[in-house]
file upload-v8.txt (compact mmCIF, C-alpha atoms)
# COMPACT_ATOMS: atom_id res chain seq x y z
CA MET A 23 20.01 -142.06 -82.49
CA GLY A 24 18.60 -138.60 -82.24
CA SER A 25 19.98 -135.63 -84.07
CA ILE A 26 20.63 -132.00 -83.23
CA ASP A 27 19.03 -129.44 -85.48
CA THR A 28 21.62 -126.86 -86.52
CA PRO A 29 21.56 -123.82 -88.77
CA THR A 30 22.87 -123.98 -92.31
CA ILE A 31 26.66 -124.12 -92.34
CA THR A 32 28.98 -122.30 -94.67
CA GLU A 33 32.07 -123.81 -96.23
CA ASN A 34 34.26 -123.12 -93.20
CA GLY A 35 31.64 -124.42 -90.78
CA SER A 36 30.66 -121.04 -89.37
CA THR A 37 27.69 -118.77 -89.92
CA GLN A 38 28.44 -115.81 -92.10
CA SER A 39 26.95 -112.44 -91.24
CA GLN A 40 27.01 -109.35 -93.37
CA ALA A 41 27.05 -105.87 -91.90
CA ALA A 42 24.76 -103.36 -93.57
CA VAL A 43 26.79 -100.63 -95.24
CA GLU A 44 25.20 -97.48 -96.61
CA PRO A 45 26.29 -96.78 -100.18
CA ALA A 46 28.55 -93.76 -100.44
CA GLY A 47 27.89 -91.11 -103.07
CA ASP A 48 30.54 -89.89 -105.48
CA ASP A 49 31.34 -86.95 -103.21
CA GLN A 50 31.49 -89.04 -100.07
CA ASN A 51 34.57 -90.61 -98.56
CA PRO A 52 33.72 -93.15 -95.89
CA LEU A 53 36.97 -92.36 -94.10
CA ALA A 54 36.62 -88.60 -94.31
CA SER A 55 35.61 -86.44 -91.34
CA SER A 56 33.08 -83.62 -91.55
CA ASN A 57 35.82 -81.08 -92.28
CA GLY A 58 37.03 -83.07 -95.30
CA ALA A 59 40.28 -84.32 -93.72
CA PRO A 60 40.89 -88.08 -93.58
CA GLU A 61 39.70 -89.49 -90.28
CA GLN A 62 42.43 -91.17 -88.27
CA MET A 63 41.78 -94.78 -87.16
CA THR A 64 41.77 -95.11 -83.38
CA PRO A 65 45.03 -96.82 -82.45
CA GLU A 66 44.79 -100.06 -80.51
CA PRO A 67 45.64 -99.44 -76.83
CA GLU A 68 49.12 -100.60 -75.88
CA ALA A 69 47.74 -102.79 -73.09
CA THR A 70 45.46 -104.58 -75.58
CA LYS A 71 48.39 -105.14 -77.96
CA LYS A 72 50.50 -106.63 -75.17
CA ARG A 73 47.68 -108.92 -74.05
CA ARG A 74 47.08 -110.16 -77.60
CA SER A 75 50.77 -110.84 -78.17
CA SER A 76 51.03 -112.66 -74.86
CA ILE A 77 48.17 -115.08 -75.57
CA LEU A 78 48.60 -115.64 -79.32
CA PRO A 79 48.77 -118.11 -80.79
CA LEU A 80 46.27 -119.78 -78.47
CA GLU A 81 47.62 -122.93 -76.89
CA VAL A 82 45.94 -126.31 -77.05
CA GLY A 83 43.81 -126.56 -73.91
CA THR A 84 42.87 -122.87 -73.84
CA ARG A 85 39.31 -122.12 -72.75
CA VAL A 86 37.67 -119.12 -74.40
CA MET A 87 34.32 -117.84 -75.71
CA CYS A 88 33.72 -118.47 -79.41
CA ARG A 89 31.03 -117.23 -81.81
CA TRP A 90 28.98 -120.20 -83.02
CA ARG A 91 26.57 -120.67 -85.94
CA ASP A 92 23.74 -118.98 -84.04
CA GLY A 93 25.78 -115.75 -83.85
CA LYS A 94 26.13 -116.07 -80.07
CA TYR A 95 29.27 -116.74 -78.02
CA HIS A 96 29.66 -120.12 -76.34
CA PRO A 97 32.45 -121.56 -74.15
CA VAL A 98 34.94 -123.74 -76.02
CA LYS A 99 38.14 -125.62 -75.40
CA VAL A 100 40.89 -125.54 -78.03
CA ILE A 101 41.59 -129.14 -79.05
CA GLU A 102 44.10 -128.56 -81.86
CA ARG A 103 45.56 -125.80 -84.03
CA ARG A 104 47.13 -125.57 -87.47
CA LYS A 105 49.02 -122.85 -89.28
CA MET A 106 47.19 -121.19 -92.15
CA HIS A 107 48.85 -121.16 -95.56
CA PHE A 108 50.65 -117.94 -96.54
CA ALA A 109 49.85 -116.41 -93.16
CA GLU A 110 51.52 -114.28 -90.48
CA PRO A 111 53.42 -116.06 -87.67
CA ASN A 112 50.42 -115.99 -85.29
CA ASP A 113 47.77 -116.83 -87.91
CA TYR A 114 46.27 -120.20 -86.99
CA GLU A 115 43.02 -122.03 -87.37
CA TYR A 116 41.76 -123.69 -84.20
CA TYR A 117 39.82 -126.92 -83.74
CA VAL A 118 37.45 -126.36 -80.82
CA HIS A 119 35.02 -128.32 -78.69
CA TYR A 120 31.89 -126.47 -77.59
CA THR A 121 31.67 -127.57 -73.97
CA GLU A 122 27.87 -127.13 -73.86
CA PHE A 123 27.32 -129.37 -76.90
CA ASN A 124 27.98 -132.88 -78.14
CA ARG A 125 31.39 -133.61 -79.62
CA ARG A 126 29.78 -134.04 -83.05
CA LEU A 127 29.70 -130.21 -83.33
CA ASP A 128 33.48 -129.78 -82.91
CA GLU A 129 34.87 -127.71 -85.77
CA TRP A 130 37.70 -125.59 -87.17
CA VAL A 131 37.27 -121.86 -86.52
CA LYS A 132 39.25 -118.70 -87.30
CA LEU A 133 40.77 -116.31 -84.77
CA GLU A 134 38.18 -113.59 -85.36
CA GLN A 135 35.45 -115.87 -83.99
CA PHE A 136 37.01 -115.76 -80.51
CA ASP A 137 36.38 -113.19 -77.79
CA LEU A 138 40.03 -112.88 -76.74
CA ASP A 139 39.08 -110.91 -73.61
CA SER A 140 37.50 -114.11 -72.29
CA VAL A 141 40.64 -116.25 -72.54
CA GLU A 142 41.11 -118.29 -69.37
CA THR A 143 44.29 -119.77 -67.96
CA VAL A 144 45.92 -122.00 -70.55
CA VAL A 145 45.71 -125.59 -69.43
CA ASP A 146 46.37 -128.53 -71.71
CA VAL A 147 44.40 -131.23 -69.96
CA LYS A 148 45.58 -134.69 -70.89
CA VAL A 149 43.03 -137.30 -71.78
CA GLU A 150 42.13 -139.25 -68.69
CA ASP A 151 42.84 -142.93 -68.68
CA LYS A 152 39.47 -144.61 -69.12
CA VAL A 153 40.72 -148.12 -68.50
CA THR A 154 41.27 -149.61 -65.08
CA SER A 155 42.81 -152.84 -66.30
CA LEU A 156 45.69 -153.12 -68.72
CA LYS A 157 44.74 -156.60 -69.86
CA MET A 158 41.55 -156.79 -71.92
CA THR A 159 39.70 -159.49 -73.75
CA ARG A 160 38.37 -158.88 -77.25
CA HIS A 161 34.91 -158.26 -75.84
CA GLN A 162 36.09 -155.81 -73.18
CA LYS A 163 38.18 -153.91 -75.67
CA ARG A 164 35.12 -153.30 -77.84
CA LYS A 165 33.60 -151.31 -74.97
CA ILE A 166 36.31 -148.64 -74.88
CA ASP A 167 35.66 -145.22 -76.36
CA GLU A 168 36.77 -145.32 -79.99
CA THR A 169 38.43 -148.69 -79.72
CA HIS A 170 41.93 -149.27 -81.04
CA VAL A 171 41.78 -149.99 -84.75
CA GLU A 172 44.48 -152.58 -85.17
CA VAL A 173 43.39 -156.19 -85.10
CA GLY A 174 45.04 -158.85 -82.97
CA HIS A 175 46.30 -156.79 -79.99
CA GLU A 176 44.84 -158.44 -76.91
CA GLU A 177 46.68 -156.02 -74.62
CA LEU A 178 46.39 -152.24 -74.79
CA ASP A 179 48.12 -150.19 -72.12
CA ALA A 180 47.08 -146.78 -70.82
CA ALA A 181 49.75 -144.94 -72.83
CA SER A 182 48.52 -146.51 -76.07
CA LEU A 183 44.97 -145.51 -75.23
CA ARG A 184 46.01 -141.91 -74.62
CA GLU A 185 47.89 -141.91 -77.91
CA HIS A 186 44.83 -143.29 -79.68
CA GLU A 187 42.48 -140.70 -78.20
CA GLU A 188 44.94 -137.98 -79.16
CA PHE A 189 44.88 -139.34 -82.71
CA THR A 190 41.08 -139.42 -82.96
CA LYS A 191 40.21 -136.10 -81.33
CA VAL A 192 40.02 -134.10 -84.59
CA LYS A 193 37.37 -134.91 -87.19
CA ASN A 194 39.20 -135.90 -90.40
CA ILE A 195 36.36 -136.14 -92.97
CA ALA A 196 34.03 -133.12 -93.05
CA THR A 197 31.32 -134.36 -95.41
CA ILE A 198 30.33 -137.42 -97.41
CA GLU A 199 28.11 -137.95 -100.42
CA LEU A 200 25.90 -141.01 -100.19
CA GLY A 201 23.23 -141.46 -102.83
CA ARG A 202 21.29 -138.21 -103.20
CA TYR A 203 22.48 -136.83 -99.87
CA GLU A 204 25.49 -134.77 -98.85
CA ILE A 205 25.94 -135.37 -95.14
CA GLU A 206 28.03 -133.50 -92.58
CA THR A 207 29.99 -135.97 -90.45
CA TRP A 208 30.08 -135.94 -86.65
CA TYR A 209 33.22 -137.81 -85.56
CA PHE A 210 36.65 -139.08 -86.56
CA SER A 211 36.85 -142.33 -88.52
CA PRO A 212 40.24 -143.97 -89.21
CA PHE A 213 40.09 -144.35 -92.97
CA PRO A 214 43.24 -145.70 -94.70
CA PRO A 215 46.17 -143.23 -94.76
CA GLU A 216 45.72 -142.37 -98.44
CA TYR A 217 42.47 -140.59 -97.51
CA ASN A 218 44.07 -138.35 -94.88
CA ASP A 219 44.01 -135.32 -97.19
CA SER A 220 40.33 -135.75 -98.15
CA LEU A 221 37.79 -133.47 -96.52
CA LYS A 222 34.98 -135.08 -98.53
CA LEU A 223 34.44 -138.68 -99.58
CA TYR A 224 32.05 -140.12 -102.16
CA PHE A 225 30.37 -143.44 -101.30
CA CYS A 226 28.67 -145.88 -103.61
CA GLU A 227 25.36 -146.28 -101.80
CA PHE A 228 25.08 -149.95 -102.77
CA CYS A 229 28.53 -151.53 -102.25
CA LEU A 230 29.81 -148.72 -99.93
CA ASN A 231 33.15 -148.35 -101.74
CA PHE A 232 34.42 -144.82 -101.20
CA MET A 233 36.43 -142.45 -103.41
CA LYS A 234 38.10 -139.07 -103.23
CA ARG A 235 36.51 -137.49 -106.29
CA LYS A 236 33.07 -137.26 -107.84
CA GLU A 237 34.43 -138.39 -111.20
CA GLN A 238 35.72 -141.61 -109.62
CA LEU A 239 32.28 -142.30 -108.16
CA GLN A 240 30.60 -141.68 -111.51
CA ARG A 241 32.95 -144.14 -113.25
CA HIS A 242 32.37 -146.67 -110.48
CA MET A 243 28.58 -146.36 -110.70
CA ARG A 244 28.68 -147.20 -114.40
CA LYS A 245 30.38 -150.51 -113.53
CA CYS A 246 28.80 -151.43 -110.18
CA ASP A 247 26.23 -154.19 -110.62
CA LEU A 248 24.68 -153.89 -107.13
CA LYS A 249 21.37 -152.19 -106.53
CA HIS A 250 21.05 -153.34 -102.91
CA PRO A 251 23.35 -154.48 -100.06
CA PRO A 252 25.27 -157.71 -100.86
CA GLY A 253 23.27 -160.16 -98.78
CA ASP A 254 19.98 -161.98 -98.39
CA GLU A 255 16.75 -159.99 -98.32
CA ILE A 256 14.98 -161.31 -95.24
CA TYR A 257 12.16 -158.76 -94.91
CA ARG A 258 10.04 -156.74 -97.34
CA SER A 259 7.02 -154.69 -96.35
CA GLY A 260 5.89 -151.97 -98.71
CA THR A 261 8.99 -149.95 -99.65
CA LEU A 262 11.04 -151.18 -96.66
CA SER A 263 13.55 -154.01 -96.99
CA MET A 264 16.02 -155.59 -94.59
CA PHE A 265 19.14 -157.38 -95.82
CA GLU A 266 21.30 -159.74 -93.78
CA VAL A 267 24.99 -159.38 -94.66
CA ASP A 268 27.51 -161.92 -93.37
CA GLY A 269 30.73 -160.12 -92.43
CA LYS A 270 32.77 -163.20 -93.33
CA LYS A 271 31.28 -163.54 -96.83
CA ASN A 272 31.27 -159.79 -97.50
CA LYS A 273 34.30 -158.59 -95.61
CA VAL A 274 34.99 -155.41 -97.62
CA TYR A 275 31.36 -154.32 -97.39
CA GLY A 276 31.40 -154.93 -93.62
CA GLN A 277 34.59 -152.93 -93.17
CA ASN A 278 33.30 -150.07 -95.33
CA LEU A 279 30.04 -150.03 -93.37
CA CYS A 280 32.07 -149.70 -90.16
CA TYR A 281 34.14 -146.84 -91.62
CA LEU A 282 30.92 -145.09 -92.59
CA ALA A 283 29.20 -145.73 -89.25
CA LYS A 284 32.16 -144.45 -87.23
CA LEU A 285 31.67 -140.99 -88.80
CA PHE A 286 28.40 -140.77 -86.85
CA LEU A 287 29.07 -142.86 -83.74
CA ASP A 288 31.37 -141.72 -80.96
CA HIS A 289 31.38 -145.06 -79.13
CA LYS A 290 32.02 -147.48 -81.95
CA THR A 291 34.42 -150.33 -82.51
CA LEU A 292 35.74 -150.00 -86.00
CA TYR A 293 37.24 -152.54 -88.37
CA TYR A 294 37.34 -155.26 -85.76
CA ASP A 295 36.84 -158.87 -86.86
CA VAL A 296 33.85 -158.27 -89.14
CA ASP A 297 33.93 -162.03 -89.79
CA LEU A 298 32.29 -162.49 -86.38
CA PHE A 299 29.30 -160.27 -87.13
CA LEU A 300 26.07 -160.22 -89.07
CA PHE A 301 24.91 -156.83 -90.37
CA TYR A 302 21.21 -156.08 -90.82
CA VAL A 303 20.87 -153.22 -93.30
CA LEU A 304 17.52 -151.42 -93.55
CA CYS A 305 16.68 -149.88 -96.93
CA GLU A 306 14.06 -147.75 -98.60
CA CYS A 307 13.37 -149.22 -102.03
CA ASP A 308 12.31 -147.56 -105.27
CA ASP A 309 12.81 -148.15 -108.99
CA ARG A 310 16.47 -147.08 -108.71
CA GLY A 311 17.36 -149.63 -106.05
CA CYS A 312 17.45 -150.16 -102.29
CA HIS A 313 18.91 -147.17 -100.44
CA MET A 314 20.44 -147.66 -96.99
CA VAL A 315 18.58 -145.97 -94.14
CA GLY A 316 20.48 -147.50 -91.21
CA TYR A 317 21.64 -150.79 -89.80
CA PHE A 318 22.38 -152.81 -86.72
CA SER A 319 24.97 -155.51 -86.18
CA LYS A 320 25.02 -158.55 -83.93
CA GLU A 321 27.58 -161.15 -83.03
CA LYS A 322 27.06 -164.55 -84.59
CA HIS A 323 27.68 -166.15 -81.21
CA SER A 324 27.21 -164.12 -78.04
CA GLU A 325 27.81 -165.69 -74.64
CA GLU A 326 26.08 -162.71 -72.99
CA SER A 327 22.83 -163.08 -75.04
CA TYR A 328 23.48 -159.82 -76.89
CA ASN A 329 21.10 -159.45 -79.82
CA LEU A 330 22.53 -156.12 -80.98
CA ALA A 331 26.09 -154.81 -80.99
CA CYS A 332 25.82 -151.50 -82.81
CA ILE A 333 22.95 -149.46 -84.24
CA LEU A 334 22.83 -146.42 -86.50
CA THR A 335 20.21 -144.46 -88.41
CA LEU A 336 21.89 -142.19 -90.98
CA PRO A 337 21.26 -138.46 -90.31
CA PRO A 338 18.95 -137.81 -93.32
CA TYR A 339 16.60 -140.54 -92.06
CA GLN A 340 16.56 -139.71 -88.36
CA ARG A 341 13.38 -138.72 -86.49
CA LYS A 342 11.29 -140.95 -88.75
CA GLY A 343 10.94 -143.97 -86.47
CA TYR A 344 13.67 -146.07 -88.11
CA GLY A 345 15.75 -146.41 -84.95
CA LYS A 346 12.79 -147.87 -83.06
CA PHE A 347 12.12 -150.15 -86.02
CA LEU A 348 15.70 -151.49 -85.89
CA ILE A 349 15.42 -152.20 -82.15
CA ALA A 350 12.10 -153.97 -82.64
CA PHE A 351 13.55 -155.98 -85.52
CA SER A 352 16.44 -157.22 -83.35
CA TYR A 353 13.89 -158.64 -80.91
CA GLU A 354 11.90 -160.29 -83.69
CA LEU A 355 15.09 -162.15 -84.63
CA SER A 356 15.52 -163.21 -80.99
CA LYS A 357 11.97 -164.59 -80.98
CA LYS A 358 12.74 -166.60 -84.11
CA GLU A 359 15.86 -167.95 -82.39
CA GLY A 360 13.82 -168.88 -79.32
CA LYS A 361 16.12 -166.82 -77.10
CA VAL A 362 15.92 -163.72 -74.94
CA GLY A 363 18.10 -160.82 -76.04
CA THR A 364 19.61 -157.59 -74.79
CA PRO A 365 21.74 -154.86 -76.40
CA GLU A 366 25.47 -154.89 -75.87
CA ARG A 367 26.71 -152.85 -72.92
CA PRO A 368 27.58 -150.17 -72.13
CA LEU A 369 24.67 -148.23 -73.61
CA SER A 370 25.11 -144.54 -74.35
CA ASP A 371 22.69 -142.13 -72.67
CA LEU A 372 20.71 -141.81 -75.92
CA GLY A 373 20.85 -145.56 -76.45
CA LEU A 374 19.45 -146.23 -72.98
CA LEU A 375 16.63 -143.74 -73.61
CA SER A 376 15.76 -145.42 -76.91
CA TYR A 377 15.73 -148.90 -75.40
CA ARG A 378 13.90 -147.83 -72.25
CA GLY A 379 11.23 -146.28 -74.51
CA TYR A 380 10.92 -149.51 -76.53
CA TRP A 381 10.78 -151.73 -73.43
CA THR A 382 8.19 -149.44 -71.83
CA ARG A 383 5.83 -149.48 -74.81
CA VAL A 384 6.06 -153.24 -75.36
CA LEU A 385 5.60 -154.18 -71.71
CA LEU A 386 2.80 -151.71 -70.98
CA ASP A 387 0.88 -152.81 -74.09
CA ILE A 388 0.92 -156.37 -72.76
CA LEU A 389 0.04 -155.38 -69.19
CA LYS A 390 -2.85 -153.26 -70.40
CA LYS A 391 -4.39 -156.12 -72.40
CA HIS A 392 -3.56 -158.97 -70.00
CA LYS A 393 -6.15 -160.20 -67.54
CA GLY A 394 -4.94 -161.60 -64.24
CA ASN A 395 -1.45 -162.00 -62.86
CA ILE A 396 1.61 -162.26 -65.05
CA SER A 397 5.22 -162.95 -64.08
CA ILE A 398 8.43 -161.37 -65.30
CA LYS A 399 9.41 -164.77 -66.72
CA GLU A 400 6.19 -164.88 -68.76
CA LEU A 401 6.77 -161.32 -70.01
CA SER A 402 10.29 -162.31 -71.03
CA ASP A 403 9.05 -165.39 -72.91
CA MET A 404 6.44 -163.30 -74.76
CA THR A 405 8.74 -160.41 -75.74
CA ALA A 406 12.26 -161.94 -75.89
CA ILE A 407 13.34 -159.10 -73.58
CA LYS A 408 15.82 -160.19 -70.93
CA ALA A 409 14.30 -160.48 -67.43
CA GLU A 410 16.79 -157.99 -65.97
CA ASP A 411 15.75 -155.36 -68.54
CA ILE A 412 12.07 -155.96 -67.74
CA LEU A 413 12.76 -155.63 -64.02
CA THR A 414 14.73 -152.36 -64.29
CA THR A 415 12.15 -150.87 -66.70
CA LEU A 416 9.18 -151.67 -64.44
CA GLN A 417 11.09 -150.44 -61.40
CA SER A 418 11.84 -147.14 -63.12
CA LEU A 419 8.09 -146.78 -63.78
CA GLU A 420 7.33 -147.72 -60.15
CA LEU A 421 5.16 -150.57 -61.37
CA ILE A 422 6.81 -153.28 -59.33
CA GLN A 423 7.02 -154.05 -55.63
CA TYR A 424 8.94 -156.62 -53.61
CA ARG A 425 6.58 -158.66 -51.43
CA LYS A 426 7.24 -161.84 -49.45
CA GLY A 427 10.50 -162.56 -51.25
CA GLN A 428 9.27 -162.00 -54.79
CA HIS A 429 8.63 -159.16 -57.24
CA VAL A 430 4.96 -158.31 -57.82
CA ILE A 431 3.75 -156.22 -60.79
CA CYS A 432 1.23 -153.52 -59.83
CA ALA A 433 -0.58 -152.51 -63.03
CA ASP A 434 -3.21 -149.86 -62.40
CA PRO A 435 -4.91 -149.02 -65.77
CA LYS A 436 -4.75 -145.25 -65.25
CA VAL A 437 -1.04 -145.43 -64.35
CA LEU A 438 -0.37 -147.57 -67.43
CA ASP A 439 -2.13 -145.05 -69.68
CA ARG A 440 -0.10 -142.20 -68.19
CA HIS A 441 3.19 -144.01 -68.76
CA LEU A 442 2.20 -145.03 -72.31
CA LYS A 443 1.40 -141.43 -73.17
CA ALA A 444 4.76 -140.29 -71.77
CA ALA A 445 6.60 -143.02 -73.75
CA GLY A 446 5.37 -141.55 -77.06
CA ARG A 447 4.53 -143.32 -80.27
CA GLY A 448 6.18 -146.59 -81.12
CA GLY A 449 7.42 -145.71 -84.59
CA LEU A 450 7.22 -148.06 -87.56
CA GLU A 451 5.81 -151.48 -86.85
CA VAL A 452 7.65 -154.67 -87.78
CA ASP A 453 5.27 -157.06 -89.55
CA ALA A 454 6.62 -160.38 -88.27
CA SER A 455 4.67 -162.25 -90.97
CA LYS A 456 6.92 -160.64 -93.61
CA LEU A 457 10.14 -161.88 -91.95
CA ILE A 458 11.62 -164.83 -93.86
CA TRP A 459 14.70 -165.87 -91.91
CA THR A 460 16.44 -168.79 -90.31
CA PRO A 461 18.95 -168.30 -87.46
CA TYR A 462 22.63 -168.31 -88.37
CA LYS A 463 24.44 -171.65 -88.25
CA GLU A 464 28.15 -172.04 -88.83
CA GLN A 465 28.74 -174.01 -92.01
CA SER A 466 31.01 -176.99 -91.46
call {"tool": "encode", "arguments": {"input": "upload-v8.txt", "output": "structure tokens"}}
result
Amino acid sequence: MGSIDTPTITENGSTQSQAAVEPAGDDQNPLASSNGAPEQMTPEPEATKKRRSSILPLEVGTRVMCRWRDGKYHPVKVIERRKMHFAEPNDYEYYVHYTEFNRRLDEWVKLEQFDLDSVETVVDVKVEDKVTSLKMTRHQKRKIDETHVEVGHEELDAASLREHEEFTKVKNIATIELGRYEIETWYFSPFPPEYNDSLKLYFCEFCLNFMKRKEQLQRHMRKCDLKHPPGDEIYRSGTLSMFEVDGKKNKVYGQNLCYLAKLFLDHKTLYYDVDLFLFYVLCECDDRGCHMVGYFSKEKHSEESYNLACILTLPPYQRKGYGKFLIAFSYELSKKEGKVGTPERPLSDLGLLSYRGYWTRVLLDILKKHKGNISIKELSDMTAIKAEDILTTLQSLELIQYRKGQHVICADPKVLDRHLKAAGRGGLEVDASKLIWTPYKEQS
């Protein structure tokens, strides 16, 4: 849920630098030598020419140093290449992955950004098979990196997975416009084929329909009646609102939300049985309407007690405490249901950090105020946090010991204060008194 601060990006995704050039007077020729004769350009050494011709065009899989937005060279791997229009035979653009950075920063670069002297042995490494079993249930399949898009395939073999990962490795949409923001995307999202040639998409911020051109969006906005997500408002506190959207009743909205979310989530099931999910969309409200900040989804019926399937805070709203608010809200719903909850596994590294931070703050606040002994079961009943999550959190903080066949919580006040300080602030608070909601029940 965090974001990486990056420098301003130019149209081609790279930082432009301008060399300072002294202005030449009328009697000066920048290519003239001191004796007035034209200065000869130093010819490129034959060995350099041969090396360039032997390695160009760069093959997919090549590892090389590339100049990034900070003006420095970083190691990259060439993921894909494409021929430039009206270019020489070896003129290509290259899609690269910066091996030091998250995949969200992958981008197209030009040949001059490479240090060709740093080219390593060309190796086209195939995507490793990430699946140990060829037969998968619907739930298992949702846990695979960038899950297969088609609905209804209960079996997905290793070859199909490799083909899918090959298909999703290059970011297809570069930017989107959503409300008053233009947002750079991070990952591939499998929009319908007719959008394959669109580098930028325009979203209606209320119904989430998307278009290729600004004019289409403007026409749509004149007709669109929505000023908030199409669902029930279940929470309002100040300028914050939460809407519950039933994927079965609002299928197109649910699918469009998934398309949008996949642009910013690497591990995300897209377009998969939205009928089975409820979407909780957090909005900032003003006199123009309710503007989406982020959302989380949850299954209507989860055998594993999952109270959250997917969570996203949109990039313009990150680092403002909204992610923590969404996590806290999912547990408030679990309390209303009278159940314990836990996020769907597997958690990403960032996801685990976010949840571990939330669990730490909630549990330590209780332990600090509580007098006398308290059990993990009692903590679970009070917080709706699953007992296993409480146990692993307290163990990671070294606040629990195993004595005489049972776990004992050791809560020294000074230790609690130290851990609370390290956990940081809790973000925006959920005012449970403002939540007007009844748990989902299937209508007969």
call {"tool": "axis_aligned_box", "arguments": {"input": "upload-v8.txt", "around": "segment 278-283 of chain A", "padding_each_side": "8 Å", "output": "JSON"}}
result
{"center_x": 31.7, "center_y": -147.6, "center_z": -92.3, "size_x": 20.9, "size_y": 21.0, "size_z": 22.1}
call {"tool": "residues_around", "arguments": {"input": "upload-v8.txt", "residues": "segment 261-265 of chain A", "least_positions_apart": "5", "cutoff": "6 Å", "atoms": "only C-alpha atoms", "output": "ChimeraX atom specification"}}
result
/A:253-256,302-307
call {"tool": "write_last_selection", "arguments": {"input": "upload-v8.txt", "atoms": "C-alpha atoms", "output": "short mmCIF file (atom, residue, chain, number, x, y, z; two decimals), in the frame of the given file"}}
result
data_model
loop_
_atom_site.label_atom_id
_atom_site.label_comp_id
_atom_site.auth_asym_id
_atom_site.auth_seq_id
_atom_site.Cartn_x
_atom_site.Cartn_y
_atom_site.Cartn_z
CA GLY A 253 23.27 -160.16 -98.78
CA ASP A 254 19.98 -161.98 -98.39
CA GLU A 255 16.75 -159.99 -98.32
CA ILE A 256 14.98 -161.31 -95.24
CA TYR A 302 21.21 -156.08 -90.82
CA VAL A 303 20.87 -153.22 -93.30
CA LEU A 304 17.52 -151.42 -93.55
CA CYS A 305 16.68 -149.88 -96.93
CA GLU A 306 14.06 -147.75 -98.60
CA CYS A 307 13.37 -149.22 -102.03
#
call {"tool": "atom_distance", "arguments": {"input": "upload-v8.txt", "atom1": "atom CA of Tyr353 of chain A", "atom2": "atom CA of Asp387 of chain A"}}
result
15.8 Å
call {"tool": "closest_residue", "arguments": {"input": "upload-v8.txt", "among": "A:Glu142, A:Glu204, A:Asp288, A:Glu420", "to": "Met87 of chain A", "atoms": "only C-alpha atoms"}}
result
A:Glu142
call {"tool": "atom_distance", "arguments": {"input": "upload-v8.txt", "atom1": "atom CA of Val315 of chain A", "atom2": "atom CA of Thr405 of chain A"}}
result
25.4 Å
call {"tool": "residues_around", "arguments": {"input": "upload-v8.txt", "residues": "segment 210-223 of chain A", "least_positions_apart": "6", "cutoff": "8 Å", "atoms": "only C-alpha atoms", "output": "list in words"}}
result
Val171, Thr190, Lys191, Val192, Lys193, Asn194, Ile195, Ala196, Thr197, Ile198, Glu199, Phe232, Met233, Lys234, Arg235, Tyr281, Leu282, Lys284 and Leu285 of chain A
